[in-house]
>>> print(open('protein.txt').read())   # compact mmCIF, C-alpha atoms and all ligand atoms
# COMPACT_ATOMS: atom_id res chain seq x y z
CA MET A 95 -27.16 60.13 -77.00
CA LYS A 96 -25.78 56.99 -75.35
CA ARG A 97 -25.82 57.12 -71.56
CA LEU A 98 -22.51 56.99 -69.77
CA ASN A 99 -21.79 54.36 -67.15
CA TRP A 100 -21.30 55.77 -63.69
CA GLY A 101 -19.81 54.23 -60.57
CA MET A 102 -19.88 55.44 -57.01
CA ILE A 103 -17.66 54.76 -54.00
CA GLY A 104 -19.14 55.72 -50.64
CA GLY A 105 -22.43 57.57 -50.42
CA GLY A 106 -24.15 54.51 -48.95
CA PHE A 107 -27.55 54.34 -47.29
CA GLY A 108 -27.98 57.15 -44.76
CA SER A 109 -24.90 59.09 -45.90
CA GLN A 110 -25.15 62.85 -46.12
CA ILE A 111 -23.92 63.51 -49.66
CA GLY A 112 -24.77 60.22 -51.42
CA PRO A 113 -28.36 61.16 -52.38
CA ALA A 114 -27.29 64.49 -53.92
CA HIS A 115 -24.86 62.62 -56.19
CA ARG A 116 -27.44 60.04 -57.22
CA LEU A 117 -30.05 62.69 -57.96
CA GLY A 118 -27.48 64.89 -59.65
CA ALA A 119 -25.79 62.30 -61.85
CA GLN A 120 -29.06 60.88 -63.09
CA ALA A 121 -31.09 64.10 -63.41
CA ASP A 122 -30.41 64.78 -67.07
CA GLY A 123 -30.18 61.28 -68.50
CA ASN A 124 -26.42 61.46 -68.98
CA PHE A 125 -25.37 58.76 -66.53
CA VAL A 126 -26.71 55.44 -65.36
CA LEU A 127 -25.55 53.96 -62.05
CA ALA A 128 -23.74 50.85 -63.30
CA ALA A 129 -21.39 49.98 -60.45
CA GLY A 130 -20.74 50.83 -56.85
CA ALA A 131 -18.86 50.13 -53.63
CA LEU A 132 -21.19 52.21 -51.54
CA ASP A 133 -20.49 51.42 -47.93
CA HIS A 134 -17.67 50.67 -45.50
CA ASP A 135 -19.71 47.56 -44.65
CA ALA A 136 -19.32 45.27 -47.70
CA GLU A 137 -22.62 43.44 -47.38
CA LYS A 138 -24.62 46.59 -46.74
CA GLY A 139 -22.93 48.24 -49.72
CA ARG A 140 -23.68 45.31 -52.05
CA ALA A 141 -27.31 45.13 -50.95
CA TYR A 142 -27.89 48.86 -51.23
CA ALA A 143 -26.28 49.06 -54.70
CA GLN A 144 -28.58 46.30 -55.92
CA SER A 145 -31.60 48.04 -54.43
CA LEU A 146 -30.63 51.01 -56.63
CA GLY A 147 -30.60 48.83 -59.76
CA VAL A 148 -26.91 47.87 -59.97
CA SER A 149 -26.45 44.30 -61.20
CA ALA A 150 -25.15 41.81 -58.63
CA ASP A 151 -21.77 41.39 -60.37
CA ARG A 152 -21.13 45.14 -60.23
CA ALA A 153 -22.35 45.69 -56.65
CA TYR A 154 -18.92 45.52 -55.06
CA GLY A 155 -17.89 44.99 -51.44
CA ASP A 156 -15.08 47.55 -51.52
CA TRP A 157 -13.29 49.86 -53.92
CA HIS A 158 -10.35 47.51 -54.55
CA GLU A 159 -12.84 44.90 -55.75
CA MET A 160 -14.54 47.54 -57.89
CA LEU A 161 -11.29 48.64 -59.51
CA ALA A 162 -10.34 45.04 -60.30
CA GLY A 163 -13.85 44.27 -61.58
CA GLU A 164 -14.27 47.37 -63.75
CA VAL A 165 -10.82 47.75 -65.26
CA GLY A 166 -11.14 44.86 -67.71
CA ARG A 167 -14.76 45.43 -68.76
CA GLU A 168 -15.63 46.78 -72.18
CA ASP A 169 -18.58 48.62 -70.63
CA ARG A 170 -16.51 49.84 -67.68
CA VAL A 171 -17.66 52.94 -65.86
CA ASP A 172 -16.94 56.23 -67.64
CA LEU A 173 -16.84 58.13 -64.36
CA VAL A 174 -16.20 57.23 -60.73
CA THR A 175 -17.48 59.43 -57.91
CA VAL A 176 -15.57 59.30 -54.63
CA ALA A 177 -17.92 60.19 -51.75
CA THR A 178 -16.17 58.49 -48.87
CA PRO A 179 -14.73 60.18 -45.74
CA ASN A 180 -11.87 62.60 -46.42
CA SER A 181 -8.86 60.48 -45.46
CA THR A 182 -9.64 57.93 -48.20
CA HIS A 183 -9.99 60.39 -51.11
CA PHE A 184 -6.34 60.47 -52.15
CA GLU A 185 -5.76 56.74 -52.36
CA ILE A 186 -9.01 56.00 -54.19
CA THR A 187 -8.75 58.93 -56.61
CA LYS A 188 -5.10 58.15 -57.41
CA SER A 189 -5.81 54.45 -58.01
CA PHE A 190 -8.72 55.07 -60.38
CA LEU A 191 -6.96 57.84 -62.31
CA GLU A 192 -3.91 55.63 -62.77
CA ALA A 193 -6.15 52.89 -64.10
CA GLY A 194 -7.55 55.30 -66.70
CA PHE A 195 -10.90 56.30 -65.16
CA ASN A 196 -12.38 59.79 -64.97
CA VAL A 197 -12.99 60.79 -61.34
CA LEU A 198 -15.21 63.22 -59.47
CA CYS A 199 -13.80 63.47 -55.95
CA GLU A 200 -15.57 65.01 -52.98
CA LYS A 201 -13.83 67.84 -51.17
CA PRO A 202 -11.29 68.03 -49.69
CA MET A 203 -9.53 66.20 -52.51
CA THR A 204 -6.58 65.18 -50.32
CA MET A 205 -5.26 65.53 -46.79
CA THR A 206 -1.94 67.20 -47.75
CA VAL A 207 -0.55 69.60 -50.36
CA GLU A 208 1.94 66.97 -51.56
CA GLU A 209 -0.89 64.53 -52.24
CA GLY A 210 -2.77 67.28 -54.06
CA GLU A 211 0.21 67.97 -56.32
CA GLU A 212 0.50 64.25 -57.01
CA ILE A 213 -3.14 64.03 -58.07
CA VAL A 214 -2.76 67.03 -60.40
CA LYS A 215 0.27 65.41 -62.03
CA ILE A 216 -1.38 61.99 -62.34
CA ALA A 217 -4.49 63.55 -63.89
CA GLU A 218 -2.36 65.46 -66.40
CA LYS A 219 -0.34 62.36 -67.29
CA SER A 220 -3.39 60.13 -67.61
CA GLY A 221 -5.32 62.60 -69.74
CA LYS A 222 -8.38 61.78 -67.64
CA ILE A 223 -10.67 64.25 -65.93
CA CYS A 224 -10.25 64.71 -62.21
CA ALA A 225 -12.98 67.03 -60.95
CA VAL A 226 -13.68 68.12 -57.37
CA ASN A 227 -17.20 68.68 -56.12
CA TYR A 228 -17.27 72.42 -55.46
CA CYS A 229 -20.92 72.18 -56.35
CA TYR A 230 -22.04 75.59 -55.09
CA SER A 231 -20.17 77.11 -58.02
CA ALA A 232 -22.67 75.38 -60.31
CA TYR A 233 -25.81 77.15 -59.10
CA PRO A 234 -27.18 79.09 -62.09
CA MET A 235 -27.13 82.43 -60.26
CA VAL A 236 -23.54 81.91 -59.11
CA ARG A 237 -22.65 81.41 -62.76
CA GLU A 238 -24.55 84.63 -63.47
CA MET A 239 -22.34 86.50 -61.00
CA ARG A 240 -19.26 85.08 -62.65
CA GLU A 241 -20.53 86.22 -66.05
CA ILE A 242 -21.27 89.70 -64.65
CA VAL A 243 -17.66 89.98 -63.48
CA ARG A 244 -16.36 88.62 -66.78
CA SER A 245 -18.41 91.10 -68.79
CA GLY A 246 -16.96 94.03 -66.84
CA GLN A 247 -20.39 95.09 -65.57
CA ILE A 248 -19.15 95.82 -62.03
CA GLY A 249 -15.63 96.81 -63.11
CA LYS A 250 -12.56 95.45 -61.42
CA VAL A 251 -13.37 93.42 -58.30
CA ARG A 252 -12.16 95.27 -55.21
CA LEU A 253 -13.56 93.30 -52.31
CA ILE A 254 -15.16 89.92 -51.59
CA VAL A 255 -16.89 89.10 -48.32
CA THR A 256 -18.02 85.53 -47.77
CA ASN A 257 -19.37 83.47 -44.89
CA PHE A 258 -19.96 79.77 -44.48
CA SER A 259 -21.12 79.68 -40.91
CA HIS A 260 -23.68 77.35 -39.38
CA GLY A 261 -24.52 76.43 -35.80
CA HIS A 262 -24.92 72.67 -36.00
CA HIS A 263 -21.91 71.85 -33.84
CA GLY A 264 -22.59 74.58 -31.32
CA ASP A 265 -24.10 72.39 -28.62
CA ALA A 266 -21.31 71.59 -26.13
CA THR A 267 -23.40 68.74 -24.67
CA ASP A 268 -23.33 67.05 -28.11
CA ALA A 269 -19.60 67.58 -28.72
CA ASP A 270 -18.79 63.95 -27.88
CA ASN A 271 -21.28 62.57 -30.38
CA PRO A 272 -19.06 60.41 -32.68
CA ARG A 273 -20.61 62.00 -35.81
CA VAL A 274 -19.46 65.42 -34.57
CA ARG A 275 -16.31 64.65 -32.59
CA TRP A 276 -14.19 63.30 -35.48
CA ARG A 277 -14.37 66.61 -37.32
CA TYR A 278 -12.27 68.28 -34.62
CA ASP A 279 -9.88 65.40 -34.04
CA PRO A 280 -6.62 65.73 -36.04
CA ALA A 281 -6.27 61.95 -36.26
CA MET A 282 -9.52 61.80 -38.27
CA ALA A 283 -9.89 65.23 -39.86
CA GLY A 284 -6.29 66.31 -40.53
CA VAL A 285 -4.82 69.71 -39.74
CA SER A 286 -8.01 71.78 -39.88
CA GLY A 287 -11.62 71.38 -38.80
CA GLN A 288 -14.17 73.95 -39.91
CA PHE A 289 -11.98 75.79 -42.42
CA ALA A 290 -11.18 72.56 -44.29
CA ASP A 291 -14.80 71.42 -44.09
CA CYS A 292 -16.72 74.56 -45.10
CA GLY A 293 -14.27 77.44 -45.46
CA ILE A 294 -12.75 75.98 -48.61
CA HIS A 295 -16.14 76.09 -50.38
CA ALA A 296 -16.29 79.83 -49.68
CA LEU A 297 -12.68 80.40 -50.74
CA HIS A 298 -13.21 78.45 -53.95
CA MET A 299 -16.35 80.48 -54.66
CA ALA A 300 -14.48 83.77 -54.20
CA SER A 301 -11.85 82.71 -56.74
CA PHE A 302 -14.44 81.26 -59.06
CA ILE A 303 -16.60 84.38 -59.29
CA ALA A 304 -13.66 86.78 -59.40
CA GLY A 305 -11.82 84.68 -62.00
CA ASP A 306 -8.65 85.01 -59.96
CA GLN A 307 -6.62 82.88 -57.53
CA VAL A 308 -5.81 83.31 -53.86
CA ARG A 309 -2.24 84.46 -53.30
CA SER A 310 -1.89 85.00 -49.55
CA LEU A 311 -3.90 84.89 -46.37
CA SER A 312 -3.97 85.63 -42.66
CA ALA A 313 -6.05 83.47 -40.33
CA ASP A 314 -7.41 83.55 -36.81
CA PHE A 315 -8.62 80.12 -35.60
CA ALA A 316 -10.64 79.41 -32.45
CA SER A 317 -11.84 76.24 -30.75
CA THR A 318 -14.76 77.68 -28.87
CA ILE A 319 -15.66 74.32 -27.27
CA ALA A 320 -12.78 73.45 -24.96
CA SER A 321 -12.63 69.72 -25.73
CA ARG A 322 -11.90 70.41 -29.42
CA THR A 323 -8.34 70.34 -30.73
CA LEU A 324 -9.14 71.71 -34.18
CA GLU A 325 -10.88 75.01 -34.89
CA ASP A 326 -14.65 75.32 -34.96
CA ASP A 327 -14.47 78.98 -35.98
CA ALA A 328 -12.11 80.87 -38.27
CA MET A 329 -11.73 84.35 -39.69
CA VAL A 330 -9.53 84.47 -42.76
CA ASN A 331 -8.38 87.57 -44.60
CA PHE A 332 -7.04 86.90 -48.06
CA ARG A 333 -5.72 88.60 -51.18
CA LEU A 334 -6.25 87.49 -54.74
CA GLU A 335 -3.41 87.59 -57.27
CA GLY A 336 -4.97 90.64 -58.92
CA GLY A 337 -5.07 92.55 -55.62
CA ALA A 338 -8.72 92.08 -54.62
CA VAL A 339 -9.28 91.98 -50.87
CA GLY A 340 -11.10 89.00 -49.32
CA ARG A 341 -12.78 88.46 -45.93
CA LEU A 342 -14.03 85.00 -44.99
CA TRP A 343 -15.78 83.87 -41.81
CA THR A 344 -16.52 80.21 -41.27
CA SER A 345 -18.00 78.68 -38.13
CA SER A 346 -19.88 75.64 -36.90
CA VAL A 347 -20.95 77.21 -33.61
CA ALA A 348 -23.02 80.09 -35.01
CA ILE A 349 -26.27 78.86 -33.45
CA GLY A 350 -29.27 80.00 -35.45
CA ARG A 351 -27.47 80.13 -38.76
CA GLN A 352 -28.63 77.12 -40.77
CA HIS A 353 -26.68 76.49 -43.97
CA GLY A 354 -25.06 79.88 -43.71
CA PHE A 355 -23.17 80.23 -47.01
CA ASP A 356 -23.28 83.65 -48.67
CA ILE A 357 -21.01 85.84 -50.74
CA GLN A 358 -20.81 89.52 -51.66
CA VAL A 359 -18.65 90.79 -54.48
CA PHE A 360 -17.92 94.51 -54.70
CA GLY A 361 -16.42 96.05 -57.82
CA GLU A 362 -15.58 99.57 -59.01
CA THR A 363 -19.04 100.13 -60.49
CA GLY A 364 -21.36 97.76 -58.67
CA GLY A 365 -21.92 95.12 -56.03
CA MET A 366 -23.67 91.73 -55.86
CA ARG A 367 -24.88 89.34 -53.20
CA TRP A 368 -25.92 85.66 -53.31
CA ALA A 369 -26.87 83.28 -50.50
CA SER A 370 -27.24 79.51 -50.66
CA GLU A 371 -30.50 79.69 -48.70
CA GLN A 372 -32.04 81.93 -51.41
CA PRO A 373 -30.14 80.52 -54.40
CA ASN A 374 -32.56 81.79 -57.07
CA GLN A 375 -31.70 85.44 -56.52
CA VAL A 376 -28.75 87.72 -56.98
CA TYR A 377 -29.00 91.22 -55.52
CA TYR A 378 -27.24 93.64 -57.84
CA THR A 379 -26.59 97.33 -57.23
CA PRO A 380 -24.90 99.58 -59.82
CA VAL A 381 -22.90 102.43 -58.34
CA GLY A 382 -25.26 105.33 -57.65
CA GLY A 383 -28.26 103.21 -58.66
CA ARG A 384 -31.02 101.19 -57.07
CA THR A 385 -30.73 97.58 -55.93
CA GLN A 386 -32.21 95.07 -58.38
CA ILE A 387 -33.16 91.47 -57.71
CA MET A 388 -32.15 89.19 -60.54
CA GLU A 389 -34.15 85.96 -60.62
CA LYS A 390 -33.14 82.55 -61.95
CA GLY A 391 -35.15 81.80 -65.08
CA GLU A 392 -35.93 85.37 -66.10
CA SER A 393 -35.04 86.73 -69.51
CA GLY A 394 -31.83 88.62 -70.03
CA LEU A 395 -29.57 86.40 -67.96
CA SER A 396 -26.34 85.03 -69.36
CA ASP A 397 -26.34 81.93 -71.57
CA GLU A 398 -24.46 80.14 -68.80
CA ALA A 399 -27.16 80.79 -66.17
CA ALA A 400 -29.87 79.81 -68.63
CA ARG A 401 -28.04 76.62 -69.65
CA LEU A 402 -27.84 75.36 -66.07
CA SER A 403 -31.46 76.02 -65.13
CA ARG A 404 -34.13 73.40 -65.87
CA VAL A 405 -37.40 74.44 -64.30
CA ALA A 406 -39.52 77.55 -64.81
CA ILE A 407 -38.96 80.87 -63.09
CA ALA A 408 -39.54 80.99 -59.31
CA HIS A 409 -39.40 77.22 -58.85
CA PRO A 410 -36.49 76.21 -56.64
CA GLU A 411 -34.01 73.76 -58.13
CA GLY A 412 -31.71 73.62 -55.15
CA PHE A 413 -28.66 71.72 -54.05
CA PRO A 414 -29.05 68.36 -55.86
CA LEU A 415 -29.53 70.15 -59.17
CA ALA A 416 -26.46 72.29 -58.55
CA VAL A 417 -24.63 68.98 -58.15
CA ALA A 418 -26.41 67.87 -61.35
CA ASN A 419 -24.81 70.82 -63.14
CA ILE A 420 -21.40 69.45 -62.22
CA TYR A 421 -22.45 66.16 -63.83
CA VAL A 422 -23.78 67.96 -66.92
CA ASP A 423 -20.35 69.47 -67.47
CA LEU A 424 -18.62 66.21 -66.64
CA ALA A 425 -20.70 64.34 -69.22
CA ALA A 426 -19.91 67.00 -71.83
CA SER A 427 -16.20 66.86 -70.98
CA ILE A 428 -16.13 63.07 -71.16
CA ARG A 429 -17.78 63.34 -74.60
CA GLY A 430 -15.00 65.68 -75.69
CA GLU A 431 -16.49 69.15 -75.22
CA THR A 432 -14.72 71.91 -73.29
CA ARG A 433 -16.45 73.30 -70.20
CA ASP A 434 -14.52 75.98 -68.37
CA GLY A 435 -16.60 76.08 -65.17
CA LEU A 436 -15.84 72.57 -63.99
CA PRO A 437 -13.86 72.56 -60.69
CA LEU A 438 -10.78 70.42 -61.25
CA ALA A 439 -7.90 68.83 -59.36
CA SER A 440 -6.01 72.13 -59.55
CA ASP A 441 -8.82 73.68 -57.48
CA GLY A 442 -8.63 70.83 -54.98
CA LEU A 443 -4.88 71.40 -54.71
CA ARG A 444 -5.25 75.16 -54.22
CA SER A 445 -7.75 74.52 -51.42
CA MET A 446 -5.38 72.20 -49.64
CA ALA A 447 -2.56 74.76 -49.91
CA ALA A 448 -4.92 77.36 -48.44
CA VAL A 449 -5.81 75.04 -45.56
CA TYR A 450 -2.14 74.53 -44.67
CA ALA A 451 -1.46 78.24 -45.09
CA ALA A 452 -4.34 79.09 -42.75
CA VAL A 453 -3.09 76.65 -40.12
CA ALA A 454 0.44 78.10 -40.37
CA SER A 455 -0.89 81.65 -40.15
CA ALA A 456 -3.14 80.91 -37.17
CA ASP A 457 -0.15 79.33 -35.41
CA LYS A 458 1.79 82.59 -35.99
CA GLU A 459 -0.96 84.84 -34.63
CA GLY A 460 -2.31 85.74 -38.03
CA ALA A 461 0.93 86.38 -39.92
CA TRP A 462 0.37 86.72 -43.68
CA VAL A 463 1.51 83.61 -45.54
CA ASP A 464 1.69 82.52 -49.17
CA ALA A 465 -1.40 80.41 -49.87
CA ARG A 466 -0.32 79.03 -53.24
CA PRO A 467 0.77 75.42 -53.69
CA PRO A 468 4.50 75.14 -54.48
CA MET A 469 3.84 74.05 -58.07
CA TYR A 470 1.86 77.25 -58.78
CA GLN A 471 4.31 79.70 -57.13
P1 LIG B 1 -21.12 60.15 -44.27
O1 LIG B 1 -20.34 59.68 -43.09
O2 LIG B 1 -22.54 60.62 -44.10
O3 LIG B 1 -21.15 58.97 -45.39
C1 LIG B 1 -19.97 58.33 -45.82
C2 LIG B 1 -20.36 57.10 -46.63
O4 LIG B 1 -19.20 56.50 -47.16
C3 LIG B 1 -21.07 56.03 -45.80
O5 LIG B 1 -22.09 55.45 -46.59
C4 LIG B 1 -19.96 55.01 -45.51
O6 LIG B 1 -20.45 53.71 -45.29
C5 LIG B 1 -19.18 55.09 -46.80
N1 LIG B 1 -17.79 54.66 -46.69
C6 LIG B 1 -16.90 54.94 -45.71
N2 LIG B 1 -15.70 54.41 -45.98
C7 LIG B 1 -15.85 53.76 -47.17
C8 LIG B 1 -14.97 53.00 -47.99
N3 LIG B 1 -13.69 52.82 -47.64
N4 LIG B 1 -15.44 52.47 -49.13
C9 LIG B 1 -16.74 52.65 -49.50
N5 LIG B 1 -17.62 53.38 -48.76
C10 LIG B 1 -17.18 53.91 -47.62
O7 LIG B 1 -20.24 61.26 -44.95
P2 LIG B 1 -20.72 62.48 -45.87
O8 LIG B 1 -21.12 63.61 -45.00
O9 LIG B 1 -21.64 61.98 -46.91
O10 LIG B 1 -19.32 62.94 -46.49
C11 LIG B 1 -18.64 62.19 -47.48
C12 LIG B 1 -17.71 63.14 -48.21
O11 LIG B 1 -18.49 64.13 -48.89
C13 LIG B 1 -16.76 63.91 -47.29
O12 LIG B 1 -15.50 63.97 -47.89
C14 LIG B 1 -17.37 65.29 -47.17
O13 LIG B 1 -16.38 66.30 -46.98
C15 LIG B 1 -18.04 65.43 -48.51
N6 LIG B 1 -19.20 66.33 -48.48
C16 LIG B 1 -19.28 67.30 -49.44
C17 LIG B 1 -20.32 68.19 -49.49
C18 LIG B 1 -20.36 69.22 -50.58
O14 LIG B 1 -21.08 70.19 -50.44
N7 LIG B 1 -19.62 69.06 -51.66
C19 LIG B 1 -21.40 68.15 -48.50
C20 LIG B 1 -21.27 67.03 -47.56
C21 LIG B 1 -20.21 66.17 -47.55
>>> encode(input="protein.txt", output="structure tokens")
Amino acid sequence: MKRLNWGMIGGGFGSQIGPAHRLGAQADGNFVLAAGALDHDAEKGRAYAQSLGVSADRAYGDWHEMLAGEVGREDRVDLVTVATPNSTHFEITKSFLEAGFNVLCEKPMTMTVEEGEEIVKIAEKSGKICAVNYCYSAYPMVREMREIVRSGQIGKVRLIVTNFSHGHHGDATDADNPRVRWRYDPAMAGVSGQFADCGIHALHMASFIAGDQVRSLSADFASTIASRTLEDDAMVNFRLEGGAVGRLWTSSVAIGRQHGFDIQVFGETGGMRWASEQPNQVYYTPVGGRTQIMEKGESGLSDEAARLSRVAIAHPEGFPLAVANIYVDLAASIRGETRDGLPLASDGLRSMAAVYAAVASADKEGAWVDARPPMYQ
């Protein structure tokens, strides 16, 4: 099958998420890196793109140049990944969608709910794909949990408990480090710190596995390091449309927790647990029965879990290959197939509505607020 042309904005040398996209997009032979505006420094971006094999005429200095250069080409990129800092996502995503490109945008998709609604509408009008990189939902064993819920194996979901709590910003003596400080500065990060950064992954995962959407929430925010304006810790209670109860803790000051993302889903007839630090296993307990460890790659898993696993049982695939699964489904969608697990602009919009709802709730001492974006109410 012909490879698709792929372009990347941001994700330059030394960036956190850039390598995961490059490994992911190119893991299965679907995409070839054909163009890029990889860095805020034009010359560094051009040089780095060429070192990755991009031809000189498609190693752009910035995204405006890339849009102008790609739009008229017959072999223009089939997909653009936006992996720049948050405040640029809206403008870049909007511009490329309007010019008829498919886009994979990093989270958070936008800085406001209004921008999120605009992106959803532009994507619908353009007929192009706008996906958002909620990549944890693409781990094979997360898909297995979703299939277990879908099949009715644990009955109706009653309760979801999820944490995305790490301790990497817990050192008060490092709080002024520019790489840390911006995350808690409203001028750079927007209305929320830790909840918008990590909490939305956990909230998306809860909806994804349950197959239901968040309706309302109540939040308690704390800035445990005094110099921080935005929260570095949050506890969020939520309810799904179907009535399931949700509890979410997210923190960046939980010293000793490393990646710290896990989720438990409790239904009428069973419970399950998955953690990003042991992503090959799901712990499953039927009501009244013994706990079983389900292992990625073993027989008897769902077609979906099997489809998204590449290497033999017990070998870790890990984060870049979860990102690769997003690209597998993107490639299939671009080629005209339907893939229902792909996180889309509607998910990015729902996250942003939840962020604003959490901020409003925290400001009102945890009052319950509607967490749905206006266009889905
Ligand atoms: P970073 O600061 O490590 O890297 C950002 C990169 O973008 C740098 O190479 C920088 O030079 C480049 N850049 C900045 N402005 C640019 C512009 N206008 N045009 C072109 N390039 C530009 O940031 P990091 O941690 O890689 O985060 C990037 C995005 O990815 C953020 O939105 C973040 O929320 C998201 N992210 C998502 C993760 C996930 O699990 N889905 C994990 C980590 C980050």
>>> closest_residue(input="protein.txt", among="A:Ile428, A:Met235, A:Ile407, A:Met102", to="ligand LIG 1 (chain B)", atoms="only C-alpha atoms and all ligand atoms")
A:Met102
>>> closest_residue(input="protein.txt", among="A:His409, A:Arg170, A:Lys138, A:Lys250", to="Arg152 of chain A", atoms="all atoms listed in the file")
A:Arg170
>>> residues_near_point(input="protein.txt", point="(-27.9, 74.2, -58.9)", cutoff="8 Å", atoms="all atoms listed in the file", output="list in words")
Cys229, Tyr230, Ala232, Tyr233, Pro234, Leu402, Ser403, Glu411, Gly412, Phe413, Pro414, Leu415, Ala416, Val417, Ala418 and Asn419 of chain A
>>> closest_atom_pairs(input="protein.txt", of="segment 262-304 of chain A", to="segment 197-218 of chain A", cutoff="9 Å", atoms="only C-alpha atoms", output="Markdown table")
| residue | atom | partner | partner_atom | distance |
| --- | --- | --- | --- | --- |
| A:Ala283 | CA | A:Met205 | CA | 8.3 |
| A:Gly284 | CA | A:Met205 | CA | 6.4 |
| A:Val285 | CA | A:Met205 | CA | 8.2 |
| A:Ala290 | CA | A:Pro202 | CA | 7.0 |
| A:Asp291 | CA | A:Pro202 | CA | 7.4 |
| A:Ile294 | CA | A:Pro202 | CA | 8.2 |
| A:His295 | CA | A:Lys201 | CA | 8.6 |
>>> atom_distance(input="protein.txt", atom1="atom O7 of ligand LIG 1 (chain B)", atom2="atom CA of Ala177 of chain A")
7.3 Å
>>> residues_near_ligand(input="protein.txt", ligand="ligand LIG 1 (chain B)", cutoff="9 Å", atoms="only C-alpha atoms and all ligand atoms", output="CSV table (one decimal) with C-alpha atoms, keeping the file's coordinate frame")
chain,number,residue,atom,x,y,z
A,102,MET,CA,-19.9,55.4,-57.0
A,103,ILE,CA,-17.7,54.8,-54.0
A,104,GLY,CA,-19.1,55.7,-50.6
A,105,GLY,CA,-22.4,57.6,-50.4
A,106,GLY,CA,-24.2,54.5,-49.0
A,107,PHE,CA,-27.6,54.3,-47.3
A,108,GLY,CA,-28.0,57.2,-44.8
A,109,SER,CA,-24.9,59.1,-45.9
A,110,GLN,CA,-25.2,62.8,-46.1
A,111,ILE,CA,-23.9,63.5,-49.7
A,112,GLY,CA,-24.8,60.2,-51.4
A,113,PRO,CA,-28.4,61.2,-52.4
A,114,ALA,CA,-27.3,64.5,-53.9
A,130,GLY,CA,-20.7,50.8,-56.8
A,131,ALA,CA,-18.9,50.1,-53.6
A,132,LEU,CA,-21.2,52.2,-51.5
A,133,ASP,CA,-20.5,51.4,-47.9
A,134,HIS,CA,-17.7,50.7,-45.5
A,135,ASP,CA,-19.7,47.6,-44.6
A,136,ALA,CA,-19.3,45.3,-47.7
A,138,LYS,CA,-24.6,46.6,-46.7
A,139,GLY,CA,-22.9,48.2,-49.7
A,155,GLY,CA,-17.9,45.0,-51.4
A,156,ASP,CA,-15.1,47.6,-51.5
A,157,TRP,CA,-13.3,49.9,-53.9
A,158,HIS,CA,-10.4,47.5,-54.6
A,176,VAL,CA,-15.6,59.3,-54.6
A,177,ALA,CA,-17.9,60.2,-51.8
A,178,THR,CA,-16.2,58.5,-48.9
A,179,PRO,CA,-14.7,60.2,-45.7
A,180,ASN,CA,-11.9,62.6,-46.4
A,181,SER,CA,-8.9,60.5,-45.5
A,182,THR,CA,-9.6,57.9,-48.2
A,183,HIS,CA,-10.0,60.4,-51.1
A,186,ILE,CA,-9.0,56.0,-54.2
A,199,CYS,CA,-13.8,63.5,-56.0
A,200,GLU,CA,-15.6,65.0,-53.0
A,201,LYS,CA,-13.8,67.8,-51.2
A,202,PRO,CA,-11.3,68.0,-49.7
A,203,MET,CA,-9.5,66.2,-52.5
A,226,VAL,CA,-13.7,68.1,-57.4
A,227,ASN,CA,-17.2,68.7,-56.1
A,228,TYR,CA,-17.3,72.4,-55.5
A,229,CYS,CA,-20.9,72.2,-56.4
A,230,TYR,CA,-22.0,75.6,-55.1
A,273,ARG,CA,-20.6,62.0,-35.8
A,290,ALA,CA,-11.2,72.6,-44.3
A,291,ASP,CA,-14.8,71.4,-44.1
A,292,CYS,CA,-16.7,74.6,-45.1
A,295,HIS,CA,-16.1,76.1,-50.4
A,413,PHE,CA,-28.7,71.7,-54.0
A,417,VAL,CA,-24.6,69.0,-58.2
>>> closest_atom_pairs(input="protein.txt", of="segment 355-394 of chain A", to="segment 326-344 of chain A", cutoff="12 Å", atoms="only C-alpha atoms", output="CSV")
residue,atom,partner,partner_atom,distance
A:Phe355,CA,A:Thr344,CA,8.8
A:Asp356,CA,A:Leu342,CA,10.0
A:Ile357,CA,A:Leu342,CA,9.1
A:Gln358,CA,A:Arg341,CA,9.9
A:Val359,CA,A:Gly340,CA,9.3
A:Phe360,CA,A:Ala338,CA,9.5
A:Gly361,CA,A:Ala338,CA,9.2
A:Glu362,CA,A:Ala338,CA,11.1
>>> axis_aligned_box(input="protein.txt", around="segment 246-255 of chain A", padding_each_side="5 Å", output="AutoDock Vina command-line options")
--center_x -16.3 --center_y 93.0 --center_z -57.6 --size_x 18.2 --size_y 17.7 --size_z 28.5
>>> closest_residue(input="protein.txt", among="A:Ser346, A:Thr385, A:Ser440, A:Gln247", to="Met469 of chain A", atoms="only C-alpha atoms")
A:Ser440
>>> residues_around(input="protein.txt", residues="segment 444-456 of chain A", least_positions_apart="3", cutoff="6 Å", atoms="only C-alpha atoms", output="list of chain:residue names")
A:Val207, A:Ile294, A:Ser312, A:Ala313, A:Asp314, A:Phe315, A:Asp441, A:Glu459, A:Gly460, A:Ala461, A:Ala465, A:Arg466, A:Pro467
>>> closest_residue(input="protein.txt", among="A:Val165, A:Cys224, A:Leu297, A:Val174", to="Arg309 of chain A", atoms="only C-alpha atoms")
A:Leu297
>>> atom_distance(input="protein.txt", atom1="atom CA of Tyr421 of chain A", atom2="atom CA of Gln352 of chain A")
26.3 Å
>>> closest_residue(input="protein.txt", among="A:Gln120, A:Thr256, A:Thr363, A:Ser231", to="Val381 of chain A", atoms="only C-alpha atoms")
A:Thr363
>>> atom_distance(input="protein.txt", atom1="atom CA of Ser245 of chain A", atom2="atom CA of Gln386 of chain A")
17.7 Å
>>> closest_residue(input="protein.txt", among="A:Asn99, A:Asn124, A:Ser301, A:Ser396", to="Asp423 of chain A", atoms="all atoms listed in the file")
A:Asn124
>>> residues_near_point(input="protein.txt", point="(-30.2, 61.5, -70.2)", cutoff="12 Å", atoms="only C-alpha atoms", output="list in words")
Met95, Lys96, Arg97, Leu98, Asn99, Gly118, Ala119, Gln120, Ala121, Asp122, Gly123, Asn124, Phe125, Val126, Ala418, Tyr421, Val422, Ala425 and Ala426 of chain A
